[in-house]
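S.K.: Sharing input28.cif here; it has mmCIF, C-alpha atoms.
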```
data_start
#
loop_
_atom_site.label_atom_id
_atom_site.label_comp_id
_atom_site.auth_asym_id
_atom_site.auth_seq_id
_atom_site.Cartn_x
_atom_site.Cartn_y
_atom_site.Cartn_z
CA MET A 1 100.00 64.13 116.03
CA SER A 2 102.99 63.62 113.76
CA THR A 3 105.09 60.59 114.53
CA PRO A 4 108.85 61.12 114.41
CA ASP A 5 110.07 59.10 111.45
CA LEU A 6 113.67 58.41 112.41
CA LEU A 7 114.18 55.36 110.26
CA GLY A 8 112.24 56.29 107.14
CA VAL A 9 109.40 54.37 105.57
CA TYR A 10 109.78 52.52 102.29
CA ARG A 11 108.90 54.67 99.29
CA PRO A 12 108.26 52.71 96.13
CA GLY A 13 110.19 53.75 93.04
CA ARG A 14 111.95 52.50 89.93
CA SER A 15 115.43 53.94 90.48
CA TRP A 16 118.58 51.80 90.16
CA LEU A 17 118.77 51.69 93.95
CA HIS A 18 115.18 50.45 94.29
CA ARG A 19 116.06 47.65 91.84
CA THR A 20 119.28 46.72 93.65
CA PRO A 21 118.81 43.53 95.76
CA ALA A 22 118.25 44.15 99.48
CA GLY A 23 121.23 41.96 100.40
CA ALA A 24 123.62 44.07 98.31
CA LYS A 25 122.33 47.29 99.90
CA LEU A 26 122.68 45.89 103.42
CA LEU A 27 126.20 44.68 102.63
CA GLY A 28 127.07 48.12 101.25
CA LEU A 29 125.76 49.75 104.43
CA LEU A 30 127.77 47.34 106.57
CA GLY A 31 130.91 47.95 104.43
CA LEU A 32 130.54 51.73 104.74
CA GLY A 33 130.18 51.48 108.52
CA VAL A 34 133.22 49.22 108.89
CA ALA A 35 135.33 51.35 106.54
CA LEU A 36 134.51 54.58 108.41
CA ALA A 37 135.21 52.91 111.76
CA LEU A 38 138.67 51.82 110.58
CA VAL A 39 139.76 55.26 109.30
CA PRO A 40 142.65 56.73 111.38
CA GLY A 41 141.65 59.70 113.58
CA ARG A 42 143.63 62.42 111.75
CA VAL A 43 141.91 61.83 108.40
CA THR A 44 138.43 61.11 109.80
CA TRP A 45 137.15 64.44 108.49
CA VAL A 46 138.29 63.67 104.94
CA ALA A 47 136.73 60.19 105.00
CA GLY A 48 133.56 61.44 106.73
CA CYS A 49 133.05 64.27 104.22
CA ALA A 50 133.79 61.97 101.27
CA ALA A 51 131.27 59.42 102.61
CA LEU A 52 128.67 62.13 103.12
CA VAL A 53 129.10 63.41 99.55
CA LEU A 54 128.94 59.83 98.23
CA VAL A 55 125.76 58.96 100.18
CA LEU A 56 124.13 62.28 99.23
CA GLY A 57 124.90 61.50 95.59
CA VAL A 58 123.35 58.04 95.97
CA ALA A 59 120.24 59.52 97.65
CA LEU A 60 119.82 62.10 94.89
CA SER A 61 120.36 59.55 92.13
CA ALA A 62 117.65 57.36 93.73
CA ARG A 63 115.34 60.40 93.52
CA LEU A 64 114.43 60.23 97.19
CA PRO A 65 112.17 63.08 98.31
CA LEU A 66 114.32 65.57 100.21
CA ARG A 67 111.78 66.85 102.74
CA PRO A 68 111.13 63.53 104.58
CA VAL A 69 114.88 62.78 104.48
CA ALA A 70 115.66 66.17 106.05
CA ARG A 71 112.90 65.68 108.64
CA ALA A 72 114.27 62.27 109.60
CA LEU A 73 117.82 63.68 109.84
CA ARG A 74 116.84 66.64 112.03
CA GLY A 75 117.16 64.81 115.36
CA ILE A 76 120.50 63.19 114.57
CA LEU A 77 121.85 66.51 113.23
CA LEU A 78 121.11 68.21 116.57
CA LEU A 79 122.88 65.40 118.41
CA GLY A 80 125.78 65.45 115.93
CA VAL A 81 126.26 69.22 116.29
CA ALA A 82 126.32 68.91 120.09
CA VAL A 83 128.92 66.13 119.92
CA ALA A 84 130.95 68.05 117.31
CA ALA A 85 130.93 71.20 119.45
CA TYR A 86 132.36 69.19 122.35
CA GLN A 87 135.00 67.61 120.11
CA TRP A 88 135.98 71.00 118.71
CA TRP A 89 136.48 72.32 122.24
CA ARG A 90 138.45 69.21 123.34
CA THR A 91 140.51 68.29 120.27
CA GLY A 92 140.02 70.68 117.34
CA TRP A 93 137.92 71.18 114.22
CA GLU A 94 139.24 68.16 112.26
CA LEU A 95 137.83 65.53 114.61
CA ALA A 96 134.66 67.59 115.21
CA LEU A 97 133.95 67.74 111.48
CA GLY A 98 134.89 64.09 111.09
CA VAL A 99 132.48 62.95 113.82
CA LEU A 100 129.63 65.07 112.47
CA ALA A 101 130.12 64.06 108.84
CA THR A 102 130.55 60.36 109.70
CA LEU A 103 127.44 60.30 111.88
CA VAL A 104 125.26 62.05 109.30
CA ALA A 105 126.66 59.95 106.43
CA LEU A 106 125.90 56.68 108.23
CA VAL A 107 122.38 57.70 109.31
CA LEU A 108 121.67 59.00 105.81
CA ALA A 109 122.95 55.75 104.32
CA GLY A 110 120.63 53.81 106.64
CA LEU A 111 117.71 56.02 105.61
CA VAL A 112 118.53 55.54 101.93
CA VAL A 113 118.43 51.75 102.44
CA THR A 114 115.15 51.72 104.42
CA MET A 115 113.46 54.16 102.04
CA THR A 116 114.35 52.13 98.94
CA THR A 117 113.91 48.62 100.35
CA PRO A 118 110.63 47.03 101.56
CA LEU A 119 111.01 45.77 105.13
CA ASP A 120 109.71 42.44 103.88
CA ALA A 121 112.80 42.15 101.63
CA VAL A 122 115.11 43.11 104.52
CA VAL A 123 113.50 40.39 106.67
CA ASP A 124 114.03 37.88 103.85
CA VAL A 125 117.76 38.72 103.81
CA VAL A 126 118.03 38.48 107.60
CA VAL A 127 116.20 35.13 107.57
CA ARG A 128 118.58 33.79 104.89
CA ALA A 129 121.65 35.10 106.73
CA SER A 130 120.41 33.59 110.01
CA ARG A 131 119.99 30.05 108.68
CA PRO A 132 123.25 28.83 110.30
CA LEU A 133 121.80 29.88 113.67
CA ALA A 134 119.19 27.12 113.32
CA ARG A 135 121.96 24.71 114.39
CA VAL A 136 122.02 26.31 117.82
CA GLY A 137 118.23 26.30 118.11
CA LEU A 138 117.46 29.84 116.89
CA ARG A 139 114.70 29.94 114.31
CA PRO A 140 115.72 32.20 111.38
CA GLU A 141 112.11 33.44 110.99
CA TRP A 142 112.19 34.66 114.57
CA VAL A 143 115.48 36.49 114.01
CA GLY A 144 113.93 38.20 110.95
CA LEU A 145 110.83 39.08 112.95
CA ALA A 146 112.98 40.48 115.77
CA VAL A 147 114.80 42.76 113.31
CA ALA A 148 111.47 43.93 111.82
CA LEU A 149 110.04 44.60 115.28
CA THR A 150 113.14 46.55 116.29
CA LEU A 151 112.93 48.76 113.20
CA ARG A 152 109.19 49.27 113.78
CA GLY A 153 109.57 49.59 117.55
CA ILE A 154 111.74 52.71 117.59
CA PRO A 155 109.21 55.02 115.88
CA SER A 156 106.40 53.45 117.95
CA LEU A 157 108.31 54.19 121.15
CA LEU A 158 108.84 57.79 120.05
CA ALA A 159 105.13 58.11 119.22
CA ILE A 160 104.22 56.90 122.72
CA ALA A 161 106.68 59.38 124.26
CA VAL A 162 105.21 62.28 122.23
CA GLU A 163 101.62 61.30 123.16
CA THR A 164 102.52 61.00 126.83
CA ARG A 165 104.29 64.37 126.81
CA ASP A 166 101.17 65.95 125.25
CA ALA A 167 98.95 64.30 127.89
CA ALA A 168 101.20 65.65 130.67
CA ARG A 169 101.12 69.10 129.05
CA ALA A 170 97.30 68.99 128.88
CA ARG A 171 97.24 68.46 132.65
CA GLY A 172 99.78 71.24 133.27
CA LEU A 173 102.46 68.72 134.28
CA GLU A 174 105.00 69.35 131.51
CA ARG A 175 107.68 70.32 134.05
CA ASN A 176 107.24 67.11 136.03
CA PRO A 177 109.57 64.43 134.55
CA ARG A 178 107.75 61.65 136.45
CA ALA A 179 104.48 62.59 134.74
CA VAL A 180 106.15 61.87 131.39
CA LEU A 181 108.63 59.09 132.18
CA VAL A 182 106.46 56.75 134.27
CA PRO A 183 103.49 56.63 131.85
CA THR A 184 105.89 56.33 128.88
CA VAL A 185 107.56 53.27 130.42
CA LEU A 186 104.23 51.70 131.46
CA ARG A 187 102.63 52.32 128.07
CA THR A 188 105.71 50.97 126.27
CA VAL A 189 105.56 47.75 128.29
CA ALA A 190 101.79 47.50 127.69
CA ARG A 191 102.30 48.04 123.93
CA ALA A 192 105.04 45.38 123.88
CA ARG A 193 102.65 42.92 125.55
CA GLN A 194 99.86 43.80 123.11
CA THR A 195 102.21 43.37 120.15
CA GLY A 196 103.35 40.00 121.51
CA GLU A 197 99.74 38.92 121.90
CA ALA A 198 98.91 40.12 118.38
CA LEU A 199 101.88 38.21 116.92
CA ALA A 200 100.81 35.09 118.83
CA ALA A 201 97.24 35.53 117.55
CA ARG A 202 98.58 35.70 113.98
CA GLY A 203 100.49 32.48 114.58
CA LEU A 204 103.85 34.23 114.07
CA ALA A 205 105.20 33.04 117.40
CA ASP A 206 104.40 29.37 116.69
CA MET B 1 85.81 27.37 104.17
CA GLY B 2 84.38 27.96 107.62
CA THR B 3 83.80 24.38 108.69
CA ALA B 4 85.78 24.22 111.93
CA ALA B 5 83.58 23.69 114.96
CA ILE B 6 84.75 24.89 118.36
CA GLU B 7 83.89 22.89 121.44
CA LEU B 8 84.33 23.94 125.06
CA ARG B 9 84.33 21.06 127.52
CA GLU B 10 84.00 22.37 131.04
CA ALA B 11 86.56 25.03 130.04
CA GLY B 12 87.22 27.57 132.78
CA VAL B 13 89.85 30.17 133.62
CA THR B 14 91.03 30.95 137.12
CA VAL B 15 93.98 33.20 137.92
CA ARG B 16 95.77 33.92 141.19
CA THR B 17 96.19 37.38 142.64
CA PRO B 18 99.69 38.44 143.79
CA GLY B 19 98.51 37.41 147.27
CA GLY B 20 97.78 33.88 145.98
CA ASP B 21 93.99 34.08 146.13
CA PRO B 22 92.20 32.39 143.21
CA VAL B 23 89.96 34.61 141.07
CA THR B 24 87.58 33.00 138.59
CA ILE B 25 87.54 34.85 135.26
CA LEU B 26 85.38 32.29 133.45
CA ARG B 27 83.47 29.51 135.17
CA PRO B 28 83.60 26.00 133.63
CA THR B 29 81.61 26.21 130.41
CA SER B 30 80.49 23.53 127.96
CA LEU B 31 79.14 24.38 124.53
CA VAL B 32 79.73 23.84 120.81
CA LEU B 33 79.98 26.76 118.38
CA ALA B 34 79.05 25.56 114.91
CA GLU B 35 76.91 28.42 113.58
CA ARG B 36 78.16 30.78 110.85
CA ARG B 37 77.68 33.89 112.98
CA VAL B 38 77.88 33.87 116.78
CA ALA B 39 77.88 37.04 118.90
CA VAL B 40 79.04 37.33 122.48
CA ILE B 41 77.68 40.22 124.52
CA GLY B 42 78.17 41.26 128.12
CA ALA B 43 79.17 44.12 130.38
CA ASN B 44 82.77 45.31 130.72
CA GLY B 45 84.76 42.86 132.85
CA SER B 46 82.16 40.10 132.45
CA GLY B 47 84.68 37.63 130.97
CA LYS B 48 83.71 37.82 127.30
CA SER B 49 87.21 38.78 126.09
CA THR B 50 88.69 35.86 128.04
CA PHE B 51 86.05 33.64 126.44
CA ALA B 52 87.10 34.91 123.00
CA ARG B 53 90.81 34.41 123.73
CA LEU B 54 90.15 30.80 124.71
CA LEU B 55 88.92 30.06 121.20
CA ASN B 56 92.32 30.35 119.46
CA GLY B 57 94.54 29.47 122.39
CA LEU B 58 95.64 33.00 123.30
CA VAL B 59 94.37 32.09 126.78
CA LEU B 60 94.52 28.46 127.85
CA PRO B 61 91.84 27.01 130.11
CA THR B 62 92.99 26.28 133.66
CA SER B 63 90.32 23.57 133.79
CA GLY B 64 88.63 21.59 131.05
CA GLN B 65 89.45 21.74 127.33
CA VAL B 66 88.85 23.83 124.23
CA LEU B 67 88.81 21.84 120.99
CA VAL B 68 88.85 23.15 117.42
CA ASP B 69 88.09 20.38 114.92
CA GLY B 70 89.20 18.02 117.67
CA LEU B 71 92.52 19.86 118.16
CA ASP B 72 93.24 20.86 121.75
CA THR B 73 94.25 24.53 122.11
CA ALA B 74 96.65 23.57 124.91
CA ARG B 75 98.44 20.86 122.91
CA ASP B 76 98.03 21.93 119.29
CA GLY B 77 98.19 25.72 119.58
CA ALA B 78 99.90 26.34 116.23
CA ALA B 79 97.43 24.18 114.31
CA VAL B 80 94.52 25.84 116.11
CA ARG B 81 95.77 29.35 115.28
CA ALA B 82 96.16 28.34 111.62
CA ARG B 83 92.39 27.65 111.68
CA VAL B 84 91.16 30.34 114.05
CA ALA B 85 92.22 33.97 113.46
CA PHE B 86 91.81 36.71 116.05
CA ALA B 87 91.23 40.45 115.61
CA PHE B 88 91.65 42.87 118.51
CA THR B 89 89.70 45.97 119.54
CA ASP B 90 92.65 48.31 118.98
CA PRO B 91 94.13 47.79 115.50
CA ASP B 92 97.23 49.78 116.48
CA ALA B 93 98.21 46.89 118.72
CA GLN B 94 97.91 44.50 115.81
CA LEU B 95 99.65 46.40 113.01
CA VAL B 96 103.30 45.52 113.27
CA MET B 97 104.94 46.59 110.02
CA PRO B 98 105.51 50.14 108.71
CA THR B 99 103.32 50.06 105.60
CA VAL B 100 99.97 48.52 104.67
CA ALA B 101 101.35 45.99 102.16
CA GLU B 102 104.20 44.96 104.45
CA ASP B 103 101.82 44.26 107.31
CA VAL B 104 99.73 41.88 105.21
CA ALA B 105 102.96 40.29 103.91
CA LEU B 106 103.98 39.62 107.51
CA SER B 107 100.92 37.42 108.04
CA LEU B 108 101.75 35.45 104.90
CA ARG B 109 105.31 34.68 106.05
CA ARG B 110 103.86 31.84 108.11
CA LEU B 111 102.89 30.08 104.86
CA ARG B 112 106.56 30.17 103.70
CA LEU B 113 105.64 31.28 100.18
CA PRO B 114 108.26 32.52 97.69
CA ARG B 115 108.55 36.32 97.78
CA ALA B 116 106.91 36.86 94.38
CA GLU B 117 103.93 34.67 95.34
CA ARG B 118 103.69 36.49 98.68
CA GLY B 119 103.59 39.81 96.82
CA ARG B 120 100.84 38.53 94.51
CA ARG B 121 98.78 37.34 97.48
CA VAL B 122 99.28 40.68 99.26
CA ARG B 123 97.94 42.60 96.23
CA GLU B 124 95.00 40.20 96.00
CA VAL B 125 94.10 40.58 99.69
CA LEU B 126 94.41 44.37 99.62
CA ALA B 127 92.18 44.56 96.54
CA ARG B 128 89.58 42.32 98.24
CA PHE B 129 89.47 44.65 101.25
CA GLY B 130 89.49 47.86 99.18
CA LEU B 131 92.91 48.84 100.51
CA ASP B 132 94.96 48.42 97.32
CA HIS B 133 95.32 52.19 96.81
CA LEU B 134 96.93 52.39 100.27
CA ALA B 135 99.48 49.60 99.76
CA ASP B 136 102.58 51.74 100.33
CA VAL B 137 101.06 54.13 102.86
CA SER B 138 102.44 54.19 106.42
CA VAL B 139 100.08 52.46 108.87
CA HIS B 140 100.36 55.58 111.06
CA ALA B 141 98.71 57.62 108.33
CA LEU B 142 95.54 55.49 108.15
CA SER B 143 92.18 56.45 109.68
CA GLY B 144 90.75 54.31 112.49
CA GLY B 145 88.43 52.52 110.08
CA GLN B 146 91.21 51.83 107.57
CA LYS B 147 93.40 50.48 110.37
CA GLN B 148 90.67 48.08 111.50
CA LEU B 149 90.08 46.95 107.90
CA LEU B 150 93.84 46.38 107.54
CA ALA B 151 93.97 44.45 110.82
CA LEU B 152 91.16 42.22 109.52
CA ALA B 153 92.88 41.87 106.13
CA GLY B 154 96.08 40.86 107.94
CA VAL B 155 94.47 38.06 109.91
CA LEU B 156 92.26 36.89 107.04
CA ALA B 157 95.14 36.81 104.51
CA THR B 158 96.02 33.27 105.53
CA GLU B 159 92.40 32.15 104.94
CA PRO B 160 91.53 30.80 108.39
CA GLU B 161 88.29 28.88 108.89
CA VAL B 162 87.08 30.92 111.86
CA LEU B 163 87.49 34.59 112.72
CA VAL B 164 87.17 35.68 116.34
CA CYS B 165 86.79 39.46 116.74
CA ASP B 166 87.05 41.17 120.12
CA GLU B 167 84.97 44.36 119.86
CA PRO B 168 86.21 45.33 116.39
CA THR B 169 83.91 48.37 116.12
CA THR B 170 84.28 49.84 119.61
CA LEU B 171 86.78 52.52 118.54
CA LEU B 172 85.08 53.33 115.22
CA ASP B 173 82.59 55.98 114.11
CA LEU B 174 79.24 54.99 112.61
CA ARG B 175 80.44 54.97 109.00
CA ASN B 176 83.44 52.76 109.76
CA THR B 177 81.34 50.56 112.05
CA ARG B 178 79.03 49.94 109.10
CA ALA B 179 81.99 49.25 106.79
CA VAL B 180 83.44 46.67 109.20
CA ALA B 181 79.97 45.15 109.82
CA ALA B 182 79.43 44.81 106.05
CA LEU B 183 82.84 43.20 105.68
CA LEU B 184 82.16 40.71 108.47
CA ALA B 185 78.71 39.92 107.03
CA GLY B 186 80.23 39.07 103.66
CA LEU B 187 82.93 36.72 104.93
CA GLY B 188 82.85 33.04 104.07
CA GLN B 189 84.39 32.18 107.43
CA ARG B 190 82.57 31.42 110.65
CA VAL B 191 82.68 34.56 112.78
CA VAL B 192 82.56 34.78 116.55
CA LEU B 193 82.02 38.41 117.40
CA VAL B 194 82.45 39.90 120.87
CA THR B 195 80.61 43.21 120.81
CA HIS B 196 78.80 45.94 122.72
CA ASP B 197 76.96 46.86 119.52
CA LEU B 198 73.55 45.24 119.95
CA ASP B 199 72.55 46.00 116.33
CA LEU B 200 75.54 43.92 115.21
CA ALA B 201 74.66 41.19 117.71
CA LEU B 202 71.10 41.05 116.35
CA GLU B 203 72.48 39.97 112.96
CA ALA B 204 74.04 36.81 114.48
CA GLU B 205 72.39 33.40 114.34
CA ARG B 206 73.22 32.76 117.97
CA VAL B 207 74.09 35.08 120.83
CA LEU B 208 75.80 34.23 124.11
CA VAL B 209 75.33 36.57 127.06
CA VAL B 210 78.26 36.55 129.47
CA ASP B 211 77.93 37.94 132.98
CA GLY B 212 80.03 37.47 136.09
CA GLY B 213 82.34 35.00 134.35
CA ALA B 214 79.58 32.69 133.11
CA VAL B 215 77.47 32.24 130.00
CA VAL B 216 74.07 33.15 131.48
CA HIS B 217 72.04 33.02 128.27
CA ASP B 218 72.54 31.22 124.96
CA GLY B 219 70.01 31.44 122.18
CA PRO B 220 68.62 33.24 119.15
CA ALA B 221 69.70 36.86 118.77
CA ALA B 222 66.42 38.64 119.57
CA ASP B 223 65.84 36.63 122.79
CA ALA B 224 69.44 37.02 123.94
CA VAL B 225 69.54 40.78 123.32
CA ALA B 226 66.23 41.22 125.19
CA PHE B 227 67.64 39.12 128.05
CA TYR B 228 70.79 41.26 128.10
CA ARG B 229 68.81 44.50 128.16
CA ASP B 230 66.81 43.21 131.13
CA LEU B 231 70.00 42.10 132.82
CA MET B 232 71.54 45.54 132.42
CA GLY B 233 68.33 47.20 133.63
CA ALA B 234 67.90 48.97 130.32
CA ALA B 235 64.83 47.65 128.60
CA PRO B 236 64.23 49.53 125.31
CA GLU B 237 61.06 51.24 126.61
CA ALA B 238 62.93 52.48 129.70
CA ARG B 239 65.70 54.07 127.65
CA PRO B 240 65.56 57.75 126.68
#
```
Have the structure of the file written as structure tokens, please.
M.R.:
Amino acid sequence: MSTPDLLGVYRPGRSWLHRTPAGAKLLGLLGLGVALALVPGRVTWVAGCAALVLVLGVALSARLPLRPVARALRGILLLGVAVAAYQWWRTGWELALGVLATLVALVLAGLVVTMTTPLDAVVDVVVRASRPLARVGLRPEWVGLAVALTLRGIPSLLAIAVETRDAARARGLERNPRAVLVPTVLRTVARARQTGEALAARGLAD
Amino acid sequence: MGTAAIELREAGVTVRTPGGDPVTILRPTSLVLAERRVAVIGANGSGKSTFARLLNGLVLPTSGQVLVDGLDTARDGAAVRARVAFAFTDPDAQLVMPTVAEDVALSLRRLRLPRAERGRRVREVLARFGLDHLADVSVHALSGGQKQLLALAGVLATEPEVLVCDEPTTLLDLRNTRAVAALLAGLGQRVVLVTHDLDLALEAERVLVVDGGAVVHDGPAADAVAFYRDLMGAAPEARP
């Protein structure tokens, strides 16, 4: 069974982007998101398309393999097209194109960061950035671990959903939403408990 | 390495059902585990996994005490888990990070090493477990045997003194079972192995048989395995 790889897995390399510190890449991603959110509505399409071209250029210059990137983008593209079609109908092509381009640019930028940065380095940055939270009793290592688990948890959740759907299909129950939803929720909770127990066993919760 | 002795002093586990009725999972047990290789065998639901979880504080006794080098699992959980590592039956539950190297690095975070030193230790551990060629591979892409080896590498990366394994070969084929058995046999650590694999149990110095929430036999491997076969009504000569 192939696991949907929404967030991309780190791919080692020697490109300029691989060598760029994780903190700088995360700041760049944050800056891009904030900048695109602040763009006025009427020029969203210009900013969105410019951002998409910029991020595509960055991805190509980092020599990221195109097939896994395209596979990871497939799901968000379908969603983006549906949202854009609605926007086109409600407000016109400019906003529709702007929404689609912005969405794809941001997801692609996120993929470029995760595919060129080891998660370990991302956790290091989060731990450093969370140090002030220690004053209010939050342990920075736990914040870093929470971020890592979130990034890892989304593909795991999708894998469970795909497995459960296949199991329902094998029993001829693919048209019964309860046969997919209930086991997916129960298995997700069970997996969360197992992961918690495994982290405790490794002393990471101490 | 491998010097920590584990002592159970009347340690028992009782839980309450939603209706409030007490159910005994493990009856009060007293023993000391000081051998290099100890196996724990028993039927499904006999209490052997609870017994294993007591040893590194994943489950706390509801009566009595479990001591590791004199440290109480209830009071000194973190120090106990630094000495006693635990590997689960299903490695998928234990592998947390996206790639092989990152998962081993996660274990090492507890040691608060600088990133470069952590990276060096990761490479060293992966080479020791024959996983170095898979360092940047997604954990989803590994075979069952590779996942179990990685899970063991992850818990052994911090060099604990004792390794407790809960049925580490149950989900593996014969080749991978042998690979994991060979790995466990070569470890410098004390190993407490919960298993249904009686061939593996026969290699231990001491075997505990757990049944109905109690240790019903404790002795050399051959005697204990024979006792267990009788208990299960499956003496070797009666088997097909």
S.K.: Once the PyMOL selection byres ((chain B and resi 179) around 12) is applied to the coordinates I shared, what remains selected? I want it as a PDB file with C-alpha atoms, keeping the file's coordinate frame.
M.R.:
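Result file is part_6.pdb:
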```
ATOM      1  CA  PHE B 129      89.470  44.650 101.250  1.00  0.00           C
ATOM      2  CA  GLY B 130      89.490  47.860  99.180  1.00  0.00           C
ATOM      3  CA  GLY B 144      90.750  54.310 112.490  1.00  0.00           C
ATOM      4  CA  GLY B 145      88.430  52.520 110.080  1.00  0.00           C
ATOM      5  CA  GLN B 146      91.210  51.830 107.570  1.00  0.00           C
ATOM      6  CA  GLN B 148      90.670  48.080 111.500  1.00  0.00           C
ATOM      7  CA  LEU B 149      90.080  46.950 107.900  1.00  0.00           C
ATOM      8  CA  LEU B 152      91.160  42.220 109.520  1.00  0.00           C
ATOM      9  CA  PRO B 168      86.210  45.330 116.390  1.00  0.00           C
ATOM     10  CA  THR B 169      83.910  48.370 116.120  1.00  0.00           C
ATOM     11  CA  LEU B 172      85.080  53.330 115.220  1.00  0.00           C
ATOM     12  CA  ASP B 173      82.590  55.980 114.110  1.00  0.00           C
ATOM     13  CA  LEU B 174      79.240  54.990 112.610  1.00  0.00           C
ATOM     14  CA  ARG B 175      80.440  54.970 109.000  1.00  0.00           C
ATOM     15  CA  ASN B 176      83.440  52.760 109.760  1.00  0.00           C
ATOM     16  CA  THR B 177      81.340  50.560 112.050  1.00  0.00           C
ATOM     17  CA  ARG B 178      79.030  49.940 109.100  1.00  0.00           C
ATOM     18  CA  VAL B 180      83.440  46.670 109.200  1.00  0.00           C
ATOM     19  CA  ALA B 181      79.970  45.150 109.820  1.00  0.00           C
ATOM     20  CA  ALA B 182      79.430  44.810 106.050  1.00  0.00           C
ATOM     21  CA  LEU B 183      82.840  43.200 105.680  1.00  0.00           C
ATOM     22  CA  LEU B 184      82.160  40.710 108.470  1.00  0.00           C
ATOM     23  CA  ALA B 185      78.710  39.920 107.030  1.00  0.00           C
ATOM     24  CA  GLY B 186      80.230  39.070 103.660  1.00  0.00           C
ATOM     25  CA  LEU B 200      75.540  43.920 115.210  1.00  0.00           C
TER      26      LEU B 200
END
```
S.K.: Using all atoms listed in the file and a distance of at most 6 Å, pull out the residues of chain B that contact chain A, as a list in words.
M.R.: Ala78, Arg81, Phe86, Ala93 and Gln94 of chain B
S.K.: Mind giving me the straight-line distance from CA of Ala134 in chain A to CA of Gly28 in chain A in Å, one decimal?
M.R.: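 Atom-to-atom, CA of Ala134 in chain A and CA of Gly28 in chain A are spaced 25.5 Å apart.
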S.K.: What would the selection look like, as a ChimeraX atom specification, if the PyMOL selection byres ((chain B and resi 108) around 12) were run on the coordinates I just shared?
M.R.: /A:120,202-204 /B:82,101-107,109-123,125,153-160
S.K.: Can you pull out every residue within 9 Å of Gly144 in chain A, counting only C-alpha atoms, but drop anything in the same chain fewer than 6 positions away, and send it as an mmCIF file with C-alpha atoms, in the coordinates of the input?
M.R.:
```cif
data_model
loop_
_atom_site.group_PDB
_atom_site.id
_atom_site.type_symbol
_atom_site.label_atom_id
_atom_site.label_comp_id
_atom_site.auth_asym_id
_atom_site.auth_seq_id
_atom_site.Cartn_x
_atom_site.Cartn_y
_atom_site.Cartn_z
ATOM 1 C CA VAL A 122 115.110 43.110 104.520
ATOM 2 C CA VAL A 123 113.500 40.390 106.670
ATOM 3 C CA ASP A 124 114.030 37.880 103.850
ATOM 4 C CA VAL A 125 117.760 38.720 103.810
ATOM 5 C CA VAL A 126 118.030 38.480 107.600
ATOM 6 C CA VAL A 127 116.200 35.130 107.570
ATOM 7 C CA ARG A 128 118.580 33.790 104.890
ATOM 8 C CA SER A 130 120.410 33.590 110.010
#
```
S.K.: Using CA of Glu10 in chain B and CA of Leu208 in chain B as the two end points, give the distance in Å to one decimal.
M.R.: 16.0 Å
S.K.: Show me, as JSON, numbers by chain, the residues that have an atom within 12 Å of range 83-91 of chain A when counting all atoms listed in the file, minus same-chain residues fewer than 5 positions from it.
M.R.: {"A": [41, 42, 45, 76, 77, 78, 96, 97, 98, 99, 100, 101, 102, 103, 104]}
S.K.: Using all atoms listed in the file, which residues sit within 12 Å of Leu8 in chain B once same-chain residues fewer than 5 positions away are excluded, as a PyMOL selection string?
M.R.: chain B and resi 13+26-34+51-52+54-57+60-61+63-73+215
S.K.: Please write the residues from the selection above to a file, keeping C-alpha atoms, as an mmCIF file, in the frame of the given file.
M.R.:
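Contents of selection-v6.cif, as written:
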```cif
data_model
loop_
_atom_site.group_PDB
_atom_site.id
_atom_site.type_symbol
_atom_site.label_atom_id
_atom_site.label_comp_id
_atom_site.auth_asym_id
_atom_site.auth_seq_id
_atom_site.Cartn_x
_atom_site.Cartn_y
_atom_site.Cartn_z
ATOM 1 C CA VAL B 13 89.850 30.170 133.620
ATOM 2 C CA LEU B 26 85.380 32.290 133.450
ATOM 3 C CA ARG B 27 83.470 29.510 135.170
ATOM 4 C CA PRO B 28 83.600 26.000 133.630
ATOM 5 C CA THR B 29 81.610 26.210 130.410
ATOM 6 C CA SER B 30 80.490 23.530 127.960
ATOM 7 C CA LEU B 31 79.140 24.380 124.530
ATOM 8 C CA VAL B 32 79.730 23.840 120.810
ATOM 9 C CA LEU B 33 79.980 26.760 118.380
ATOM 10 C CA ALA B 34 79.050 25.560 114.910
ATOM 11 C CA PHE B 51 86.050 33.640 126.440
ATOM 12 C CA ALA B 52 87.100 34.910 123.000
ATOM 13 C CA LEU B 54 90.150 30.800 124.710
ATOM 14 C CA LEU B 55 88.920 30.060 121.200
ATOM 15 C CA ASN B 56 92.320 30.350 119.460
ATOM 16 C CA GLY B 57 94.540 29.470 122.390
ATOM 17 C CA LEU B 60 94.520 28.460 127.850
ATOM 18 C CA PRO B 61 91.840 27.010 130.110
ATOM 19 C CA SER B 63 90.320 23.570 133.790
ATOM 20 C CA GLY B 64 88.630 21.590 131.050
ATOM 21 C CA GLN B 65 89.450 21.740 127.330
ATOM 22 C CA VAL B 66 88.850 23.830 124.230
ATOM 23 C CA LEU B 67 88.810 21.840 120.990
ATOM 24 C CA VAL B 68 88.850 23.150 117.420
ATOM 25 C CA ASP B 69 88.090 20.380 114.920
ATOM 26 C CA GLY B 70 89.200 18.020 117.670
ATOM 27 C CA LEU B 71 92.520 19.860 118.160
ATOM 28 C CA ASP B 72 93.240 20.860 121.750
ATOM 29 C CA THR B 73 94.250 24.530 122.110
ATOM 30 C CA VAL B 215 77.470 32.240 130.000
#
```
S.K.: Please, what distance in Å, to one decimal, runs between CA of Ala62 in chain A and CA of Val81 in chain A?
M.R.: 26.9 Å
S.K.: Starting from the displayed file, determine the output of the PyMOL selection byres ((chain A and resi 25) around 12) and express the residue list as a PyMOL selection string.
M.R.: chain A and resi 16-24+26-32+58+109-118+121-122+125
